[in-house]
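See below for protein09.txt, which holds compact mmCIF, C-alpha atoms and all ligand atoms.
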```txt
# COMPACT_ATOMS: atom_id res chain seq x y z
CA MET A 66 -26.50 -7.66 13.22
CA GLN A 67 -27.42 -4.19 12.39
CA CYS A 68 -26.95 -2.29 9.18
CA ILE A 69 -25.85 1.32 9.30
CA GLN A 70 -28.72 3.72 8.75
CA SER A 71 -26.84 5.83 6.27
CA LEU A 72 -26.15 2.99 3.82
CA ARG A 73 -27.66 3.56 0.44
CA VAL A 74 -28.16 0.57 -1.62
CA LEU A 75 -29.37 -0.39 -5.04
CA ALA A 76 -30.23 -3.99 -5.68
CA TYR A 77 -30.98 -5.31 -9.07
CA LEU A 78 -32.65 -8.60 -9.54
CA THR A 79 -32.38 -10.46 -12.78
CA THR A 80 -34.23 -13.67 -13.17
CA HIS A 81 -34.51 -13.60 -16.95
CA VAL A 82 -32.55 -11.95 -19.68
CA THR A 83 -34.87 -8.99 -19.64
CA SER A 84 -36.55 -8.99 -16.26
CA ARG A 85 -34.94 -6.89 -13.55
CA ARG A 86 -36.45 -5.65 -10.34
CA THR A 87 -35.06 -3.06 -7.99
CA PHE A 88 -34.93 -3.34 -4.23
CA GLY A 89 -34.23 -0.21 -2.29
CA THR A 90 -33.22 3.01 -3.96
CA PRO A 91 -30.19 5.26 -3.60
CA ASP A 92 -32.37 7.64 -1.58
CA LEU A 93 -33.58 5.18 0.96
CA PRO A 94 -31.34 3.78 3.62
CA ALA A 95 -31.22 0.04 3.81
CA ARG A 96 -32.21 -1.47 7.10
CA CYS A 97 -31.39 -4.89 8.20
CA SER A 98 -34.33 -6.96 9.01
CA PRO A 99 -34.73 -10.67 8.99
CA THR A 100 -38.20 -10.26 7.58
CA THR A 101 -37.40 -9.11 4.07
CA GLN A 102 -35.31 -10.69 1.39
CA THR A 103 -34.30 -7.25 0.20
CA LEU A 104 -32.62 -6.31 3.38
CA ARG A 105 -31.08 -9.68 3.73
CA LEU A 106 -29.41 -9.11 0.38
CA CYS A 107 -28.46 -5.57 1.29
CA CYS A 108 -26.58 -7.05 4.16
CA ALA A 109 -24.54 -8.99 1.67
CA PHE A 110 -22.10 -6.09 1.62
CA LYS A 111 -20.41 -7.49 4.67
CA ASP A 112 -19.22 -11.04 4.76
CA SER A 113 -20.25 -11.74 8.30
CA THR A 114 -23.63 -10.15 7.79
CA LEU A 115 -24.23 -12.13 4.67
CA LYS A 116 -23.50 -15.28 6.54
CA THR A 117 -25.80 -14.36 9.36
CA HIS A 118 -28.65 -13.52 7.13
CA LEU A 119 -28.29 -16.32 4.67
CA ASP A 120 -28.25 -18.60 7.65
CA LEU A 121 -31.65 -17.39 8.72
CA PRO A 122 -33.56 -20.11 6.93
CA ARG A 123 -31.09 -22.49 8.58
CA ARG A 124 -29.35 -23.36 5.37
CA LYS A 125 -25.65 -23.20 4.95
CA PRO A 126 -24.48 -20.72 2.32
CA VAL A 127 -22.76 -22.46 -0.55
CA GLY A 128 -20.42 -19.57 -1.06
CA ILE A 129 -19.52 -16.36 0.67
CA PRO A 130 -18.30 -13.27 -1.18
CA ALA A 131 -14.60 -12.90 -1.51
CA GLU A 132 -12.92 -11.29 1.45
CA GLY A 133 -13.40 -7.56 1.40
CA ALA A 134 -16.54 -7.80 -0.69
CA ALA A 135 -17.82 -4.72 1.08
CA LYS A 136 -15.11 -2.66 -0.52
CA SER A 137 -14.42 -4.35 -3.78
CA GLU A 138 -15.99 -7.11 -5.73
CA GLY A 139 -17.16 -10.47 -4.67
CA VAL A 140 -19.32 -13.26 -5.86
CA CYS A 141 -21.49 -15.48 -3.80
CA ARG A 142 -24.00 -18.12 -4.54
CA VAL A 143 -27.25 -18.33 -2.68
CA PRO A 144 -28.15 -21.89 -1.84
CA THR A 145 -31.19 -23.63 -3.16
CA GLY A 146 -34.35 -22.44 -1.50
CA ILE A 147 -33.13 -19.13 -0.18
CA GLY A 148 -34.83 -16.38 -2.05
CA LYS A 149 -36.94 -18.79 -4.01
CA SER A 150 -40.01 -16.74 -3.34
CA LEU A 151 -38.09 -13.64 -4.28
CA LEU A 152 -36.57 -14.94 -7.43
CA GLU A 153 -39.03 -17.58 -8.44
CA ARG A 154 -35.99 -19.59 -9.35
CA PRO A 155 -34.43 -22.28 -7.23
CA ARG A 156 -30.84 -21.35 -7.91
CA HIS A 157 -29.18 -18.11 -8.74
CA SER A 158 -25.96 -16.22 -8.49
CA VAL A 159 -25.45 -13.02 -6.55
CA LYS A 160 -22.79 -10.59 -7.59
CA VAL A 161 -21.87 -7.85 -5.16
CA ARG A 162 -19.96 -4.79 -6.25
CA THR A 163 -19.58 -1.28 -4.99
CA PHE A 164 -19.89 1.85 -7.08
CA ASP A 165 -16.57 3.08 -8.36
CA ASN A 166 -16.80 6.48 -6.71
CA ILE A 167 -17.67 5.30 -3.23
CA PRO A 168 -14.99 5.95 -0.63
CA PRO A 169 -13.33 2.98 1.05
CA GLY A 170 -15.40 1.57 3.85
CA SER A 171 -18.72 2.55 2.36
CA SER A 172 -21.22 -0.20 1.93
CA ARG A 173 -23.17 1.32 -0.87
CA GLY A 174 -23.31 -0.74 -4.00
CA VAL A 175 -25.20 -2.91 -6.39
CA ILE A 176 -26.32 -6.45 -6.04
CA GLU A 177 -26.97 -8.33 -9.23
CA ILE A 178 -28.75 -11.60 -9.09
CA THR A 179 -28.57 -13.76 -12.14
CA SER A 180 -30.22 -17.08 -12.69
CA LYS A 181 -27.99 -20.07 -13.25
CA GLU A 182 -29.74 -20.65 -16.54
CA LYS A 183 -28.70 -17.24 -17.75
CA ILE A 184 -25.10 -17.82 -16.73
CA VAL A 185 -25.08 -21.10 -18.65
CA GLU A 186 -26.58 -19.34 -21.69
CA LYS A 187 -23.84 -16.72 -21.57
CA ILE A 188 -21.15 -19.37 -21.21
CA GLN A 189 -22.45 -21.23 -24.26
CA ARG A 190 -22.59 -18.05 -26.32
CA LEU A 191 -19.10 -16.92 -25.33
CA LYS A 192 -17.66 -20.35 -25.97
CA LYS A 193 -18.74 -20.09 -29.61
CA GLU A 194 -17.57 -16.50 -29.97
CA ARG A 195 -14.14 -17.31 -28.53
CA ASN A 196 -13.79 -20.72 -30.18
CA ALA A 197 -13.23 -22.08 -26.68
CA ILE A 198 -13.61 -25.48 -25.08
CA ILE A 199 -14.20 -26.22 -21.43
CA LEU A 200 -12.36 -29.19 -19.96
CA ALA A 201 -13.64 -30.30 -16.57
CA HIS A 202 -12.14 -32.82 -14.19
CA ASN A 203 -14.39 -35.48 -12.69
CA TYR A 204 -14.02 -33.90 -9.22
CA GLN A 205 -15.44 -30.50 -10.25
CA VAL A 206 -18.75 -29.35 -8.78
CA PRO A 207 -21.76 -30.65 -10.74
CA GLU A 208 -22.71 -27.31 -12.30
CA VAL A 209 -19.20 -26.94 -13.74
CA GLN A 210 -19.19 -30.52 -14.96
CA ASP A 211 -22.47 -29.78 -16.70
CA VAL A 212 -20.97 -26.99 -18.84
CA GLY A 213 -17.83 -28.99 -19.66
CA ASP A 214 -17.35 -30.01 -23.28
CA TYR A 215 -15.18 -32.83 -22.06
CA LEU A 216 -15.07 -34.51 -18.67
CA GLY A 217 -12.37 -36.83 -17.57
CA ASP A 218 -9.24 -37.56 -15.63
CA SER A 219 -5.82 -36.00 -16.11
CA LEU A 220 -4.83 -38.28 -18.98
CA ASN A 221 -8.07 -37.84 -20.90
CA LEU A 222 -8.03 -34.12 -20.56
CA SER A 223 -4.34 -33.86 -21.43
CA LYS A 224 -4.98 -35.73 -24.67
CA ILE A 225 -7.88 -33.48 -25.55
CA ALA A 226 -5.81 -30.38 -24.76
CA ALA A 227 -3.03 -31.67 -27.02
CA GLY A 228 -5.35 -32.33 -29.95
CA THR A 229 -7.95 -29.61 -29.88
CA ASN A 230 -8.53 -27.05 -32.63
CA ALA A 231 -10.00 -24.56 -30.19
CA ASP A 232 -8.19 -21.25 -29.67
CA VAL A 233 -9.00 -21.11 -25.98
CA ILE A 234 -8.98 -23.86 -23.36
CA VAL A 235 -10.81 -23.17 -20.12
CA PHE A 236 -9.45 -25.76 -17.72
CA CYS A 237 -11.67 -26.50 -14.75
CA GLY A 238 -9.50 -28.53 -12.45
CA VAL A 239 -6.47 -27.75 -10.32
CA ASP A 240 -3.51 -25.73 -11.51
CA PHE A 241 -1.13 -28.50 -12.52
CA MET A 242 -3.78 -29.77 -14.96
CA ALA A 243 -4.13 -26.37 -16.62
CA GLU A 244 -0.34 -26.10 -16.76
CA SER A 245 -0.15 -29.47 -18.49
CA ALA A 246 -2.69 -28.25 -21.06
CA LYS A 247 -0.52 -25.19 -21.71
CA ILE A 248 2.62 -27.31 -22.07
CA LEU A 249 0.90 -29.62 -24.53
CA SER A 250 -0.78 -26.76 -26.40
CA PRO A 251 1.60 -23.83 -25.98
CA GLY A 252 0.09 -21.82 -28.81
CA LYS A 253 -3.33 -21.68 -27.21
CA VAL A 254 -4.77 -19.43 -24.59
CA VAL A 255 -5.21 -21.65 -21.52
CA ILE A 256 -7.32 -20.24 -18.73
CA HIS A 257 -7.58 -21.57 -15.21
CA PRO A 258 -10.66 -19.81 -13.85
CA VAL A 259 -9.52 -19.57 -10.21
CA ARG A 260 -5.84 -18.95 -9.55
CA GLY A 261 -5.86 -20.39 -6.06
CA ALA A 262 -7.27 -23.77 -7.08
CA SER A 263 -4.04 -25.66 -6.39
CA CYS A 264 -3.39 -29.29 -5.61
CA PRO A 265 -1.78 -29.63 -2.15
CA MET A 266 0.03 -32.78 -3.22
CA ALA A 267 1.72 -30.99 -6.13
CA ALA A 268 3.06 -28.49 -3.60
CA MET A 269 4.72 -31.26 -1.57
CA ILE A 270 7.78 -31.49 -3.80
CA ASP A 271 10.09 -28.79 -5.11
CA VAL A 272 12.80 -28.74 -7.74
CA GLU A 273 15.77 -28.46 -5.36
CA SER A 274 14.74 -31.45 -3.24
CA LEU A 275 14.11 -33.51 -6.34
CA ARG A 276 17.54 -32.67 -7.76
CA GLU A 277 19.12 -33.74 -4.49
CA LEU A 278 17.34 -37.07 -4.67
CA GLN A 279 18.46 -37.51 -8.27
CA ARG A 280 22.06 -36.72 -7.36
CA ALA A 281 21.94 -39.37 -4.62
CA ASN A 282 20.52 -41.97 -7.04
CA PRO A 283 22.24 -41.35 -10.37
CA GLU A 284 21.19 -44.67 -11.93
CA ALA A 285 17.49 -44.15 -11.27
CA ALA A 286 14.92 -42.89 -13.77
CA THR A 287 12.56 -40.28 -12.38
CA VAL A 288 8.84 -40.78 -12.81
CA ALA A 289 6.61 -37.89 -11.80
CA TYR A 290 2.93 -38.33 -11.21
CA VAL A 291 1.19 -35.70 -13.31
CA ASN A 292 0.16 -34.05 -10.04
CA THR A 293 3.33 -31.94 -9.97
CA THR A 294 4.20 -28.41 -10.95
CA ALA A 295 5.50 -27.63 -14.44
CA GLU A 296 8.92 -26.88 -12.91
CA VAL A 297 9.13 -30.35 -11.37
CA LYS A 298 7.97 -31.99 -14.62
CA ALA A 299 10.81 -30.23 -16.40
CA GLU A 300 13.29 -32.23 -14.23
CA VAL A 301 11.98 -35.76 -14.81
CA ASP A 302 12.30 -38.54 -17.38
CA ILE A 303 8.62 -39.26 -17.77
CA CYS A 304 5.25 -38.39 -16.22
CA CYS A 305 2.41 -40.75 -15.46
CA THR A 306 -1.20 -40.62 -14.40
CA SER A 307 -3.00 -43.00 -12.07
CA SER A 308 -4.33 -44.81 -15.13
CA ASN A 309 -0.95 -45.62 -16.70
CA ALA A 310 1.60 -45.47 -13.88
CA VAL A 311 2.29 -49.22 -14.00
CA ARG A 312 2.78 -49.15 -17.77
CA VAL A 313 5.04 -46.13 -17.53
CA VAL A 314 7.31 -47.74 -14.94
CA LYS A 315 7.41 -51.02 -16.89
CA SER A 316 8.40 -49.11 -20.03
CA LEU A 317 11.65 -47.90 -18.45
CA PRO A 318 14.86 -49.94 -18.74
CA ASN A 319 16.17 -48.65 -15.39
CA LYS A 320 16.19 -50.98 -12.39
CA GLU A 321 15.79 -48.05 -10.01
CA ILE A 322 12.88 -45.67 -10.05
CA ILE A 323 12.50 -42.37 -8.25
CA PHE A 324 8.76 -42.03 -7.94
CA VAL A 325 7.34 -38.63 -6.95
CA PRO A 326 5.37 -37.25 -5.23
CA ASP A 327 2.61 -39.72 -4.24
CA VAL A 328 3.89 -42.54 -2.07
CA ASN A 329 0.56 -44.39 -2.13
CA LEU A 330 0.46 -44.50 -5.92
CA GLY A 331 4.13 -45.50 -5.91
CA LEU A 332 3.49 -48.36 -3.50
CA TYR A 333 0.59 -49.51 -5.64
CA VAL A 334 2.76 -49.53 -8.77
CA GLN A 335 5.50 -51.40 -6.93
CA ARG A 336 3.12 -54.37 -6.48
CA PHE A 337 3.22 -54.91 -10.24
CA VAL A 338 6.93 -54.28 -10.75
CA PRO A 339 8.60 -56.06 -7.83
CA GLU A 340 11.86 -56.45 -9.74
CA LYS A 341 12.58 -52.71 -9.57
CA ARG A 342 13.86 -50.73 -6.62
CA PHE A 343 11.69 -47.72 -5.80
CA ILE A 344 12.83 -44.54 -4.16
CA PHE A 345 9.70 -42.82 -2.93
CA TRP A 346 8.88 -39.26 -2.08
CA ARG A 347 6.56 -39.12 0.92
CA GLY A 348 3.85 -36.99 -0.64
CA TYR A 349 0.19 -37.90 -0.60
CA CYS A 350 -3.26 -36.69 -1.53
CA HIS A 351 -4.97 -35.75 1.71
CA VAL A 352 -8.39 -36.63 0.30
CA HIS A 353 -7.47 -40.22 -0.50
CA GLN A 354 -5.13 -40.57 2.47
CA ASN A 355 -8.06 -39.75 4.76
CA ILE A 356 -10.29 -42.46 3.36
CA ASP A 357 -9.72 -45.21 5.85
CA VAL A 358 -10.53 -48.85 6.20
CA GLU A 359 -13.39 -48.08 8.59
CA ASP A 360 -15.10 -45.80 6.04
CA ILE A 361 -15.12 -48.56 3.46
CA ARG A 362 -16.05 -51.26 5.96
CA GLU A 363 -19.02 -49.26 7.20
CA LEU A 364 -20.36 -48.80 3.69
CA LYS A 365 -19.81 -52.46 2.89
CA GLU A 366 -21.73 -53.54 5.98
CA LYS A 367 -24.66 -51.41 4.91
CA HIS A 368 -24.43 -52.49 1.26
CA PRO A 369 -22.96 -56.00 1.20
CA ALA A 370 -23.69 -56.51 -2.52
CA ALA A 371 -21.82 -53.37 -3.56
CA GLU A 372 -18.55 -53.61 -5.44
CA ILE A 373 -15.68 -51.59 -3.97
CA MET A 374 -13.78 -49.37 -6.43
CA VAL A 375 -10.93 -47.30 -5.07
CA HIS A 376 -8.35 -44.93 -6.50
CA PRO A 377 -4.66 -45.90 -6.31
CA GLU A 378 -3.95 -42.74 -4.31
CA CYS A 379 -5.61 -44.52 -1.35
CA GLN A 380 -3.59 -46.11 1.41
CA PRO A 381 -2.42 -49.70 0.84
CA ALA A 382 -4.82 -51.08 3.48
CA VAL A 383 -7.79 -49.54 1.65
CA ILE A 384 -6.52 -50.84 -1.68
CA ASP A 385 -6.35 -54.32 -0.15
CA MET A 386 -10.09 -54.18 0.58
CA ALA A 387 -11.06 -53.16 -2.94
CA ASP A 388 -12.56 -55.28 -5.67
CA HIS A 389 -11.10 -52.89 -8.24
CA VAL A 390 -8.45 -50.18 -8.29
CA TYR A 391 -9.00 -47.59 -10.99
CA SER A 392 -8.34 -44.04 -12.06
CA THR A 393 -11.52 -41.99 -12.22
CA GLN A 394 -11.86 -42.72 -15.93
CA GLY A 395 -11.34 -46.41 -15.23
CA MET A 396 -14.17 -46.22 -12.70
CA MET A 397 -16.43 -44.73 -15.38
CA GLN A 398 -15.63 -47.57 -17.74
CA HIS A 399 -16.05 -50.28 -15.13
CA ALA A 400 -19.37 -48.89 -13.87
CA ARG A 401 -20.70 -49.05 -17.44
CA ASP A 402 -19.46 -52.59 -18.05
CA SER A 403 -20.17 -54.21 -14.69
CA SER A 404 -23.39 -56.08 -13.97
CA ALA A 405 -23.25 -54.87 -10.35
CA ARG A 406 -25.83 -52.26 -9.36
CA LYS A 407 -24.10 -50.70 -6.37
CA PHE A 408 -20.59 -49.38 -6.03
CA ILE A 409 -18.67 -48.09 -3.03
CA LEU A 410 -16.30 -45.34 -4.13
CA GLY A 411 -12.91 -44.83 -2.56
CA THR A 412 -12.21 -41.52 -4.20
CA GLU A 413 -13.29 -37.88 -4.16
CA ARG A 414 -16.99 -37.59 -3.44
CA GLU A 415 -17.98 -35.71 -6.60
CA MET A 416 -17.13 -38.74 -8.68
CA SER A 417 -20.54 -40.08 -7.73
CA TYR A 418 -22.21 -37.25 -9.64
CA ARG A 419 -20.93 -38.19 -13.08
CA LEU A 420 -21.20 -41.89 -12.38
CA GLY A 421 -24.83 -41.47 -11.32
CA LYS A 422 -25.65 -39.25 -14.27
CA GLU A 423 -24.26 -41.67 -16.82
CA ASN A 424 -25.58 -44.79 -15.07
CA PRO A 425 -29.01 -43.79 -13.81
CA ASP A 426 -29.99 -47.36 -12.97
CA LYS A 427 -27.00 -47.86 -10.64
CA PHE A 428 -26.09 -46.56 -7.19
CA PHE A 429 -22.80 -44.99 -6.19
CA LEU A 430 -21.83 -44.67 -2.57
CA PRO A 431 -19.03 -42.21 -1.85
CA VAL A 432 -17.22 -41.65 1.42
CA GLU A 433 -19.03 -38.50 2.48
CA ASN A 434 -16.08 -36.53 3.80
CA ALA A 435 -13.77 -37.31 0.85
CA ILE A 436 -13.83 -33.77 -0.50
CA CYS A 437 -11.08 -31.92 -2.32
CA THR A 438 -11.66 -28.26 -1.51
CA ALA A 439 -9.18 -27.19 -4.20
CA MET A 440 -11.34 -28.84 -6.82
CA LYS A 441 -14.40 -27.05 -5.51
CA LYS A 442 -13.02 -23.55 -5.88
CA ILE A 443 -14.19 -23.08 -9.45
CA LYS A 444 -17.82 -22.02 -9.66
CA LEU A 445 -20.01 -21.41 -12.67
CA GLU A 446 -19.56 -17.66 -12.27
CA ASP A 447 -15.79 -18.10 -12.51
CA VAL A 448 -16.15 -20.00 -15.77
CA LEU A 449 -18.27 -17.18 -17.16
CA ASN A 450 -15.88 -14.56 -15.91
CA SER A 451 -12.91 -16.31 -17.49
CA LEU A 452 -14.68 -16.48 -20.85
CA GLU A 453 -15.58 -12.80 -20.63
CA THR A 454 -12.10 -11.62 -19.70
CA LEU A 455 -9.89 -14.47 -21.03
CA GLU A 456 -8.17 -14.36 -17.64
CA PRO A 457 -6.52 -15.68 -15.55
CA ARG A 458 -4.21 -17.24 -18.10
CA ILE A 459 -1.57 -19.87 -17.55
CA GLU A 460 1.79 -18.36 -18.40
CA LEU A 461 4.94 -20.48 -18.40
CA SER A 462 8.43 -19.70 -19.62
CA GLN A 463 9.50 -21.15 -22.95
CA ASP A 464 12.27 -23.04 -21.19
CA ILE A 465 9.86 -24.79 -18.81
CA ILE A 466 7.43 -25.57 -21.61
CA GLU A 467 10.16 -27.18 -23.70
CA ARG A 468 11.64 -29.23 -20.86
CA ALA A 469 8.31 -30.34 -19.36
CA ARG A 470 6.79 -31.20 -22.70
CA LEU A 471 8.82 -34.34 -23.43
CA PRO A 472 7.95 -36.22 -20.20
CA LEU A 473 4.30 -35.25 -20.64
CA GLU A 474 4.20 -36.33 -24.27
CA LYS A 475 5.77 -39.66 -23.36
CA MET A 476 3.01 -40.12 -20.78
CA VAL A 477 0.30 -39.35 -23.33
CA ASP A 478 1.88 -41.67 -25.93
CA ILE A 479 1.97 -44.62 -23.54
CA GLY A 480 -1.82 -44.39 -23.20
CA ARG A 481 -4.11 -45.89 -20.62
CA GLY A 482 -3.33 -48.91 -18.52
CA ASP A 483 -6.68 -49.45 -16.81
S1 LIG A 501 -8.02 -34.82 -5.02
FE1 LIG A 501 -5.97 -34.92 -4.11
S2 LIG A 501 -4.57 -35.10 -5.82
FE2 LIG A 501 -6.55 -34.39 -6.65
S3 LIG A 501 -6.38 -32.18 -6.65
FE3 LIG A 501 -7.31 -32.72 -4.71
S4 LIG A 501 -5.59 -32.89 -3.29
FE4 LIG A 501 -4.72 -32.91 -5.35
```

For this file, write the structure as structure tokens.
Amino acid sequence: MQCIQSLRVLAYLTTHVTSRRTFGTPDLPARCSPTTQTLRLCCAFKDSTLKTHLDLPRRKPVGIPAEGAAKSEGVCRVPTGIGKSLLERPRHSVKVRTFDNIPPGSSRGVIEITSKEKIVEKIQRLKKERNAIILAHNYQVPEVQDVGDYLGDSLNLSKIAAGTNADVIVFCGVDFMAESAKILSPGKVVIHPVRGASCPMAAMIDVESLRELQRANPEAATVAYVNTTAEVKAEVDICCTSSNAVRVVKSLPNKEIIFVPDVNLGLYVQRFVPEKRFIFWRGYCHVHQNIDVEDIRELKEKHPAAEIMVHPECQPAVIDMADHVYSTQGMMQHARDSSARKFILGTEREMSYRLGKENPDKFFLPVENAICTAMKKIKLEDVLNSLETLEPRIELSQDIIERARLPLEKMVDIGRGD
């Protein structure tokens, strides 16, 4: 890959609050060369070039600048090791932006490199200034979990959102979670740092299809897993999470239950409430759906003493192999209480991070490819950016907030079941 001779590039390096070094000058053209870190970073103005050059040390980039970074703004993260000699820091963030007055297509710009430590410092400072709290789901990347004031599953975080005195809630999870926080705390500013971090399962059901199902089953109560959009929640009798779904269904007088959208969770609940007739929606979480019996069996063969904990979003055959079926918060509790030292995890891989951190004497064995890419979209830089700008905010109509609030509040009031 070759950089254009006429490119003029400034690169600023910040490893401490005050230290900043410059690579290249506006008067010197940048040249691509695999031999210098400077030029490697200069090449960051083009996505493909960045990839090529960050790949040089044969490490996979953790993040690539947003599409069109050459012309607008983008953020990337350089993986551990790359640029260590340059930065004298193992991890850092690279922000790429062009000068305002540069014509489209030009590659001239500024690269700012900020240490992770400095980003965390800024986040902590802004949190105080804004009277903000950060809520982070257990599936978030470790660095985001580490800046969270509260970690947990949907039910935990919903309760905290409902009861907090903070003015601003930064919700690090997928969109339906941030929407739930807004519904439960409508007077607060609720920020979801990356707009596109959406749960694919929540997108599997829409209001019109649900209404049709309700019309066909007029005697049935509708239970919506919390993994649904605010619009769908506004149509249902009650919401549930994986930790209280059985309790929620048992609490209803109806003999018929429309359960949406996760068929695996619905089938799991049905085991405990055989007297009711379930009408399922055929949605699923692709992460848990893709954990199969062979994945668990393989881990068990390697670690015969390990306990198997799986999430109820898994397929019935996987649930049948488990010693325990828990929500992520239930897994946390059980790992603390159990005398076992090894645990096979049938849930999203990142769960092993928090479990390992809080139980350093125990071992947690995730299924390696159980990754929710939606949950990984929020990076530390996005958290900082959202605290700086107080955007992007969750905005919902008053009508939706009022109608979705009751089923969510009922869910919170019923409490945990695991
Ligand atoms: S893990 Fe599954 S249910 Fe959770 S956000 Fe990802 S896709 Fe949705």

- Task: Considering all atoms listed in the file, state which residue in the set A:His368, A:Arg276, A:Lys442, A:Arg190 is at the smallest distance from Leu430 (chain A).
- Result: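 The answer is A:His368, which sits nearest to Leu430 (chain A).
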
Could you please give me, as a PDB file with C-alpha atoms, in the frame of the given file, the residues of protein, DNA or RNA lying at most 9 Å from (-16.1, -25.5, -22.8) in the coordinate frame of the file, considering only C-alpha atoms?
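What ended up in part-v9.pdb:
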```pdb
ATOM      1  CA  ILE A 188     -21.150 -19.370 -21.210  1.00  0.00           C
ATOM      2  CA  GLN A 189     -22.450 -21.230 -24.260  1.00  0.00           C
ATOM      3  CA  LYS A 192     -17.660 -20.350 -25.970  1.00  0.00           C
ATOM      4  CA  ALA A 197     -13.230 -22.080 -26.680  1.00  0.00           C
ATOM      5  CA  ILE A 198     -13.610 -25.480 -25.080  1.00  0.00           C
ATOM      6  CA  ILE A 199     -14.200 -26.220 -21.430  1.00  0.00           C
ATOM      7  CA  LEU A 200     -12.360 -29.190 -19.960  1.00  0.00           C
ATOM      8  CA  ALA A 201     -13.640 -30.300 -16.570  1.00  0.00           C
ATOM      9  CA  VAL A 212     -20.970 -26.990 -18.840  1.00  0.00           C
ATOM     10  CA  GLY A 213     -17.830 -28.990 -19.660  1.00  0.00           C
ATOM     11  CA  ASP A 214     -17.350 -30.010 -23.280  1.00  0.00           C
ATOM     12  CA  TYR A 215     -15.180 -32.830 -22.060  1.00  0.00           C
ATOM     13  CA  VAL A 233      -9.000 -21.110 -25.980  1.00  0.00           C
ATOM     14  CA  ILE A 234      -8.980 -23.860 -23.360  1.00  0.00           C
ATOM     15  CA  VAL A 235     -10.810 -23.170 -20.120  1.00  0.00           C
ATOM     16  CA  PHE A 236      -9.450 -25.760 -17.720  1.00  0.00           C
ATOM     17  CA  VAL A 448     -16.150 -20.000 -15.770  1.00  0.00           C
TER      18      VAL A 448
END
```

- Message: As an exercise, work out the distance from CA of Glu474 (chain A) to CA of Gly217 (chain A) in Å and give it to one decimal place.
- Response: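 Going from CA of Glu474 (chain A) over to CA of Gly217 (chain A) covers 17.9 Å.
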
As a compact mmCIF listing (two decimals) with C-alpha atoms, in the frame of the given file, please: the residues near Pro425 (chain A) (cut-off 12 Å, all atoms listed in the file, same-chain neighbours under 5 positions excluded).
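Output file selection_20.txt follows:
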```
# COMPACT_ATOMS: atom_id res chain seq x y z
CA ALA A 400 -19.37 -48.89 -13.87
CA ARG A 401 -20.70 -49.05 -17.44
CA ARG A 406 -25.83 -52.26 -9.36
CA LYS A 407 -24.10 -50.70 -6.37
CA SER A 417 -20.54 -40.08 -7.73
CA TYR A 418 -22.21 -37.25 -9.64
CA ARG A 419 -20.93 -38.19 -13.08
CA LEU A 420 -21.20 -41.89 -12.38
```

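Here CA of Leu449 (chain A) stands at a distance of 12.8 Å from CA of Lys193 (chain A).
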
- Task: Considering only C-alpha atoms and all ligand atoms, state which residue in the set A:Val313, A:Met269, A:Ile184, A:Ala231 is at the smallest distance from ligand LIG 501 (chain A).
- Result: A:Met269

- Around ligand LIG 501 (chain A), at most 6 Å away and counting only C-alpha atoms and all ligand atoms, which residues are there? Put them as JSON, numbers by chain, please. {"A": [239, 264, 265, 266, 350, 351, 352, 437, 439, 440]}

For Ile465 (chain A), find every residue with an atom within 9 Å (counting all atoms listed in the file), except residues of its own chain fewer than 3 positions away, and show them as a short mmCIF file (atom, residue, chain, number, x, y, z; two decimals) with C-alpha atoms, keeping the file's coordinate frame.
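Result file out-v8.cif:
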```
data_model
loop_
_atom_site.label_atom_id
_atom_site.label_comp_id
_atom_site.auth_asym_id
_atom_site.auth_seq_id
_atom_site.Cartn_x
_atom_site.Cartn_y
_atom_site.Cartn_z
CA ILE A 248 2.62 -27.31 -22.07
CA ALA A 295 5.50 -27.63 -14.44
CA GLU A 296 8.92 -26.88 -12.91
CA LYS A 298 7.97 -31.99 -14.62
CA ALA A 299 10.81 -30.23 -16.40
CA LEU A 461 4.94 -20.48 -18.40
CA SER A 462 8.43 -19.70 -19.62
CA ARG A 468 11.64 -29.23 -20.86
CA ALA A 469 8.31 -30.34 -19.36
CA ARG A 470 6.79 -31.20 -22.70
#
```

- So how many Å separate CA of Ala227 (chain A) and CA of Leu317 (chain A), to one decimal?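 The value is 23.5 Å.
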
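Remark: for Gln394 (chain A), the closest of the candidate residues A:Val311, A:Ala268, A:Leu220, A:Leu191 is A:Leu220 (distances computed over only C-alpha atoms).
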
- Item | Non-local contacts of Asn221 (chain A) (12 Å; only C-alpha atoms; under 6 positions in same chain excluded) as number ranges by chain | A: 200-203, 215, 227-228, 242, 245-246, 306-309, 392-395, 476-478, 480-481

For Lys365 (chain A): contacts at 10 Å, all atoms listed in the file, fewer than 6 positions along chain excluded, given as a PDB file with C-alpha atoms, keeping the file's coordinate frame:
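Once everything was written out, this is result_6.pdb:
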```pdb
ATOM      1  CA  GLU A 359     -13.390 -48.080   8.590  1.00  0.00           C
ATOM      2  CA  ALA A 371     -21.820 -53.370  -3.560  1.00  0.00           C
ATOM      3  CA  GLU A 372     -18.550 -53.610  -5.440  1.00  0.00           C
ATOM      4  CA  ILE A 373     -15.680 -51.590  -3.970  1.00  0.00           C
ATOM      5  CA  PHE A 408     -20.590 -49.380  -6.030  1.00  0.00           C
ATOM      6  CA  ILE A 409     -18.670 -48.090  -3.030  1.00  0.00           C
ATOM      7  CA  LEU A 430     -21.830 -44.670  -2.570  1.00  0.00           C
TER       8      LEU A 430
END
```

- Of the candidates A:Leu332, A:Leu216, A:Ile443, A:Val206, which one gets nearest to Ala382 (chain A) if we count only C-alpha atoms?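 Checking each of A:Leu332, A:Leu216, A:Ile443, A:Val206 against Ala382 (chain A), counting only C-alpha atoms, the winner is A:Leu332.
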
Export region 409-413 of chain A from the structure block above, keeping C-alpha atoms, as a CSV table (one decimal), in the first residue's frame.
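File produced: decode-v4.csv:
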```csv
chain,number,residue,atom,x,y,z
A,409,ILE,CA,-18.4,-24.3,32.1
A,410,LEU,CA,-20.4,-21.3,30.9
A,411,GLY,CA,-23.3,-21.6,28.4
A,412,THR,CA,-23.7,-17.9,27.8
A,413,GLU,CA,-22.0,-15.0,26.1
```
